[in-house]
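**Q** The structure that follows is given in the form of structure tokens.
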Amino acid sequence: MKKSISVTLLLFCLIGFMNLNCESEEIPKVIELELGESHNGNGFVVTFFSVKSDSRCPIGVTCVWAGNAEVAFTYEDRLGVDSGFSLNTHLGNGFINDTLISGYRIKLLEVHPYPEKDKAINLDDYVVEI
């Protein structure tokens, strides 16, 4: 009798832990950051640090290739350890558009605004979606 009660309690505990794990999974979300802006995550801070280059083919121009925007970020973990990384809009060979840091996947989704012919982009106008 004691054995069956113990097994039943163990099953309830396991089912409870399984439900807890399912409920604790986070749904991925899109984060928009302006240049210099930070996002405080669950034990980390990611900052849109700079636009390293933006060679995307402007609207209204015919180009040989689509080009690339490379943006730099800083990342600080819960221990205060800083690291830097860059992500790209181009998905070709040698261009990285996502990274995994401390168990978090950070992917560059968009860089706004998109270049237009004969129109300069001010650095302060850049916004990224990660």
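Chain lettering (A, B, ...) mirrors the order of the structure tokens, residue numbering begins at 1 for each chain separately, and ligand numbering begins at 1 in order of display.
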Please identify all polymer residues within 9 Å of Leu123 in chain A, counting only C-alpha atoms, omitting same-chain residues fewer than 4 positions from it, and present them as JSON, numbers by chain.

**A** {"A": [35, 50, 51]}

**Q** May I have the residues within 7 Å of Gly84 in chain A as a list in words, using only C-alpha atoms and disregarding those fewer than 6 positions away in the same chain?

**A** Phe73, Thr74 and Tyr75 of chain A

**Q** Convert the current residue selection to file output with C-alpha atoms, as a PDB file, in the first residue's frame.

**A**
```
ATOM      1  CA  PHE A  73      26.163  45.099 -30.553  1.00  0.00           C
ATOM      2  CA  THR A  74      27.444  44.811 -27.024  1.00  0.00           C
ATOM      3  CA  TYR A  75      26.239  42.130 -24.647  1.00  0.00           C
TER       4      TYR A  75
END
```

**Q** Excluding same-chain residues fewer than 6 positions from Leu33 in chain A, what lies within 8 Å of it counting only C-alpha atoms, as a PyMOL selection string?

**A** chain A and resi 39+47-48+127-129

**Q** How would you write, as a PyMOL selection string, the set of residues in range 16-125 of chain A that DSSP gives as strand (DSSP E)?

**A** chain A and resi 32-34+38-40+44-54+69-77+82-88+98-101+104-107+110-112

**Q** When distances are computed from only C-alpha atoms, which of A:Ile121, A:Ala72, A:Val30, A:Cys63 shows the smallest separation from Leu109 in chain A?

**A**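 Comparing A:Ile121, A:Ala72, A:Val30, A:Cys63 against Leu109 in chain A, the winner is A:Val30.
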
**Q** Env of Glu116 in chain A: 9 Å cut, atoms = only C-alpha atoms, seq-sep filter 5 positions within chain, self excluded. Answer as an MDAnalysis selection string.

**A** chainID A and resid 57:61 121

**Q** Pull all heavy atoms from the residues just selected and write them as a compact mmCIF listing (two decimals), in the first residue's frame.

**A**
```txt
# COMPACT_ATOMS: atom_id res chain seq x y z
N CYS A 57 21.86 47.78 -51.53
CA CYS A 57 21.52 48.44 -52.80
C CYS A 57 20.31 49.34 -52.60
O CYS A 57 19.23 48.88 -52.21
CB CYS A 57 21.22 47.39 -53.86
SG CYS A 57 20.88 48.10 -55.48
N PRO A 58 20.47 50.64 -52.84
CA PRO A 58 19.36 51.58 -52.61
C PRO A 58 18.17 51.33 -53.53
O PRO A 58 18.32 50.86 -54.66
CB PRO A 58 19.97 52.95 -52.91
CG PRO A 58 21.45 52.75 -52.84
CD PRO A 58 21.69 51.33 -53.25
N ILE A 59 17.00 51.67 -53.03
CA ILE A 59 15.79 51.63 -53.84
C ILE A 59 15.98 52.62 -54.99
O ILE A 59 16.44 53.74 -54.80
CB ILE A 59 14.57 52.03 -52.98
CG1 ILE A 59 14.34 50.99 -51.88
CG2 ILE A 59 13.33 52.18 -53.85
CD1 ILE A 59 13.32 51.40 -50.84
N GLY A 60 15.65 52.19 -56.21
CA GLY A 60 15.79 53.05 -57.38
C GLY A 60 17.12 52.89 -58.10
O GLY A 60 17.41 53.63 -59.03
N VAL A 61 17.94 51.93 -57.66
CA VAL A 61 19.25 51.70 -58.28
C VAL A 61 19.34 50.22 -58.66
O VAL A 61 18.87 49.35 -57.94
CB VAL A 61 20.40 52.05 -57.29
CG1 VAL A 61 21.75 51.71 -57.89
CG2 VAL A 61 20.33 53.51 -56.89
N ILE A 121 21.33 58.53 -45.06
CA ILE A 121 20.72 58.09 -43.81
C ILE A 121 21.56 58.63 -42.66
O ILE A 121 22.77 58.38 -42.59
CB ILE A 121 20.65 56.55 -43.73
CG1 ILE A 121 19.82 55.99 -44.87
CG2 ILE A 121 20.07 56.12 -42.39
CD1 ILE A 121 19.82 54.47 -44.96
```

**Q** When you draw a straight line from CA of Arg105 in chain A to CA of Asp54 in chain A, how long is it in Å?

**A**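 Between CA of Arg105 in chain A and CA of Asp54 in chain A the gap is 23.2 Å.
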
**Q** Considering only C-alpha atoms, return as a ChimeraX atom specification whatever protein or nucleic-acid residues lie within 6 Å of Asn97 in chain A, sequence-local ones (same chain, fewer than 3 positions apart) excluded.

**A** /A:87-88,107-108

**Q** Between CA of Thr89 in chain A and CA of Phe44 in chain A, what is the distance in Å, rounded to a tenth?

**A**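 Between CA of Thr89 in chain A and CA of Phe44 in chain A the gap works out to 23.5 Å.
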
**Q** Could you check which of A:Gly103, A:Trp65, A:Asn122, A:Glu37 is closest to Asp77 in chain A, using only C-alpha atoms?

**A**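 Smallest distance to Asp77 in chain A is found for A:Gly103.
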
**Q** CA of Leu91 in chain A to CA of Ala120 in chain A: how many Å, to one decimal?

**A** 24.2 Å

**Q** Pick from A:Asn42, A:Thr62, A:Ser102, A:Asn68: nearest to Asp82 in chain A, with only C-alpha atoms counted?

**A**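 So, comparing all the options, the nearest one is A:Ser102.
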
**Q** Could you tell me which of A:His90, A:Asp118, A:Pro113, A:Tyr104 comes closest to Gly41 in chain A if we count only C-alpha atoms?

**A**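 Nearest to Gly41 in chain A: A:Tyr104.
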
**Q** Smallest atom-to-atom distance to Glu32 in chain A: which of A:Ala69, A:Val64, A:Val46, A:Arg56, using only C-alpha atoms?

**A**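 That would be A:Val46, the residue with the smallest distance to Glu32 in chain A.
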